[in-house]
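Undergrad: Have a look at this one before I ask anything.
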Amino acid sequence: MKRRIVKVTSATAAVVTFLIGIWQFIAWYQEKSKANYGGEWKMTSEIESAQLERFKGLKIDWVLHLTQTHHKLTGIGEKIAENSIPLDYKARTTLSLEGSVEGDQFTLTFIEKGHLRETSGTFHGQFSNDKFQGTFSSTASDTKGNIIGYKAK
């Protein structure tokens, strides 16, 4: 009788250990297979509407450095060109970024440190592999438009 109890107990322990191992592997695999959107990104924003007419149609090139921790996205960015004309380092402005990603959808709020004042806004978009596209709005001349980007590194 004691021998049978030992066998049953040992078999039960082995099955439980095996199931825990499988559960841990599945959890690890799911975490590893989630997309990570951290890294260096090149982004172009195109202004479609603005209070000031001179901004309409302006294309701005940015370099973004994003970090992802679970669903949280943070980062920094730098304006590097306007209408494909590279900006001198003194003319560049910086962004601080904070937001979230759910699946392939993201929302980032930003603060741009301009030469005269800070402005703020939001990027909304969707990742697709190493690319994204979406929209933006900013307090700078109440601008709105589209964004498109690709992962550089």
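By convention in this document, the chains of the structure tokens carry letters A, B, ... by their order, each chain's residues are numbered from 1, and ligands are numbered from 1 in the order they are shown.
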Residues near region 48-61 of chain A, anyone? I mean within 7 Å using only C-alpha atoms, not counting same-chain ones fewer than 4 positions away, as a PyMOL selection string.
TA: chain A and resi 43-44+79-83+141-145
Undergrad: Deliver the residues from the most recent selection as a file, using C-alpha atoms, as an mmCIF file, in the first residue's frame.
TA:
data_model
loop_
_atom_site.group_PDB
_atom_site.id
_atom_site.type_symbol
_atom_site.label_atom_id
_atom_site.label_comp_id
_atom_site.auth_asym_id
_atom_site.auth_seq_id
_atom_site.Cartn_x
_atom_site.Cartn_y
_atom_site.Cartn_z
ATOM 1 C CA MET A 43 9.945 59.555 -39.808
ATOM 2 C CA THR A 44 8.492 62.104 -42.213
ATOM 3 C CA LYS A 79 14.135 67.375 -36.606
ATOM 4 C CA ILE A 80 16.819 66.883 -39.294
ATOM 5 C CA ALA A 81 15.338 68.285 -42.536
ATOM 6 C CA GLU A 82 12.521 70.377 -43.996
ATOM 7 C CA ASN A 83 11.311 69.590 -47.521
ATOM 8 C CA SER A 141 0.033 76.706 -35.727
ATOM 9 C CA ASP A 142 -2.647 74.052 -35.003
ATOM 10 C CA THR A 143 -1.020 71.753 -37.588
ATOM 11 C CA LYS A 144 -2.395 68.361 -38.609
ATOM 12 C CA GLY A 145 -1.194 65.834 -41.124
#
Undergrad: Excluding Ser137 (chain A) and residues on its chain fewer than 6 positions from it, collect all residues at most 12 Å away from it, counting only C-alpha atoms, and give them as a CSV table (one decimal) with N, CA and C atoms, in the first residue's frame.
TA:
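Saved result, out_3.csv, follows:
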chain,number,residue,atom,x,y,z
A,45,SER,N,6.9,63.7,-41.4
A,45,SER,CA,5.6,64.3,-41.2
A,45,SER,C,5.2,65.3,-42.3
A,46,GLU,N,4.0,65.2,-42.8
A,46,GLU,CA,3.6,66.2,-43.8
A,46,GLU,C,2.4,66.9,-43.3
A,47,ILE,N,2.5,68.2,-43.3
A,47,ILE,CA,1.5,69.1,-42.8
A,47,ILE,C,0.4,69.3,-43.9
A,48,GLU,N,-0.8,68.9,-43.5
A,48,GLU,CA,-2.0,69.0,-44.4
A,48,GLU,C,-2.8,70.3,-44.1
A,49,SER,N,-2.9,70.6,-42.8
A,49,SER,CA,-3.6,71.8,-42.4
A,49,SER,C,-2.9,72.6,-41.3
A,50,ALA,N,-3.0,73.9,-41.4
A,50,ALA,CA,-2.3,74.7,-40.4
A,50,ALA,C,-3.0,76.1,-40.4
A,107,THR,N,0.0,55.3,-29.8
A,107,THR,CA,-0.3,56.7,-29.5
A,107,THR,C,0.9,57.2,-28.8
A,108,LEU,N,1.5,58.3,-29.3
A,108,LEU,CA,2.6,59.0,-28.6
A,108,LEU,C,2.3,60.5,-28.5
A,109,THR,N,2.4,61.0,-27.3
A,109,THR,CA,2.4,62.4,-27.1
A,109,THR,C,3.8,63.0,-27.2
A,110,PHE,N,3.9,64.2,-27.7
A,110,PHE,CA,5.3,64.7,-27.8
A,110,PHE,C,5.3,66.2,-27.3
A,111,ILE,N,6.5,66.6,-26.9
A,111,ILE,CA,6.8,68.0,-26.6
A,111,ILE,C,8.0,68.3,-27.5
A,119,THR,N,6.1,73.3,-28.0
A,119,THR,CA,4.8,73.0,-28.6
A,119,THR,C,4.6,71.5,-28.2
A,120,SER,N,3.4,71.1,-28.3
A,120,SER,CA,3.0,69.7,-28.0
A,120,SER,C,2.1,69.1,-29.0
A,121,GLY,N,1.9,67.8,-29.0
A,121,GLY,CA,1.0,67.2,-29.9
A,121,GLY,C,1.0,65.7,-29.7
A,122,THR,N,0.4,65.0,-30.7
A,122,THR,CA,0.1,63.6,-30.6
A,122,THR,C,0.4,62.9,-32.0
A,123,PHE,N,1.0,61.8,-31.9
A,123,PHE,CA,1.1,60.9,-33.1
A,123,PHE,C,0.2,59.7,-32.8
A,124,HIS,N,-0.6,59.3,-33.8
A,124,HIS,CA,-1.4,58.1,-33.8
A,124,HIS,C,-1.0,57.3,-35.0
A,125,GLY,N,-0.8,56.0,-34.8
A,125,GLY,CA,-0.5,55.2,-36.0
A,125,GLY,C,-0.5,53.7,-35.8
A,143,THR,N,-1.3,72.6,-36.4
A,143,THR,CA,-1.0,71.8,-37.6
A,143,THR,C,-1.6,70.3,-37.4
A,144,LYS,N,-1.9,69.7,-38.5
A,144,LYS,CA,-2.4,68.4,-38.6
A,144,LYS,C,-1.9,67.8,-39.9
A,145,GLY,N,-1.7,66.5,-39.9
A,145,GLY,CA,-1.2,65.8,-41.1
A,145,GLY,C,-0.9,64.4,-40.9
A,146,ASN,N,-0.1,63.8,-41.8
A,146,ASN,CA,0.2,62.4,-41.9
A,146,ASN,C,1.7,62.2,-41.5
A,147,ILE,N,1.9,61.0,-41.0
A,147,ILE,CA,3.3,60.5,-40.7
A,147,ILE,C,3.5,59.2,-41.3
Undergrad: Please return, as number ranges by chain, all residues of chain A that DSSP assigns to strand (DSSP E) on the basis of the backbone.
TA: A: 39-49, 59-69, 72-82, 85-86, 94-102, 105-113, 118-128, 131-138, 144-151
Undergrad: Pick out the closest residue to Glu40 (chain A) from this set: A:His65, A:Lys72, A:Lys7, A:Arg117. Count only C-alpha atoms.
TA: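 Of A:His65, A:Lys72, A:Lys7, A:Arg117, the one nearest Glu40 (chain A) is A:His65, counting only C-alpha atoms.
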Undergrad: My list of candidates is A:Leu66, A:Pro86, A:Asp130, A:Glu118. Which is closest to Gly99 (chain A) when distances are computed with only C-alpha atoms?
TA: A:Leu66
Undergrad: Identify, on the basis of only C-alpha atoms, every residue whose closest approach to Gly77 (chain A) does not exceed 9 Å; exclude the query and any residue fewer than 5 positions from it along the same chain; express the result as a PDB file with C-alpha atoms, in the first residue's frame.
TA:
ATOM      1  CA  TRP A  62      12.833  63.307 -38.027  1.00  0.00           C
ATOM      2  CA  VAL A  63      15.083  60.739 -36.371  1.00  0.00           C
ATOM      3  CA  LEU A  64      13.350  59.019 -33.447  1.00  0.00           C
ATOM      4  CA  HIS A  65      14.877  56.759 -30.803  1.00  0.00           C
ATOM      5  CA  LEU A  66      12.155  54.680 -29.138  1.00  0.00           C
ATOM      6  CA  THR A  93      14.708  71.013 -32.636  1.00  0.00           C
ATOM      7  CA  THR A  94      14.148  68.060 -30.324  1.00  0.00           C
ATOM      8  CA  LEU A  95      11.163  65.991 -29.237  1.00  0.00           C
ATOM      9  CA  SER A  96      10.461  64.056 -26.084  1.00  0.00           C
ATOM     10  CA  LEU A  97       7.980  61.219 -26.648  1.00  0.00           C
ATOM     11  CA  GLU A 112       8.908  69.799 -29.177  1.00  0.00           C
TER      12      GLU A 112
END
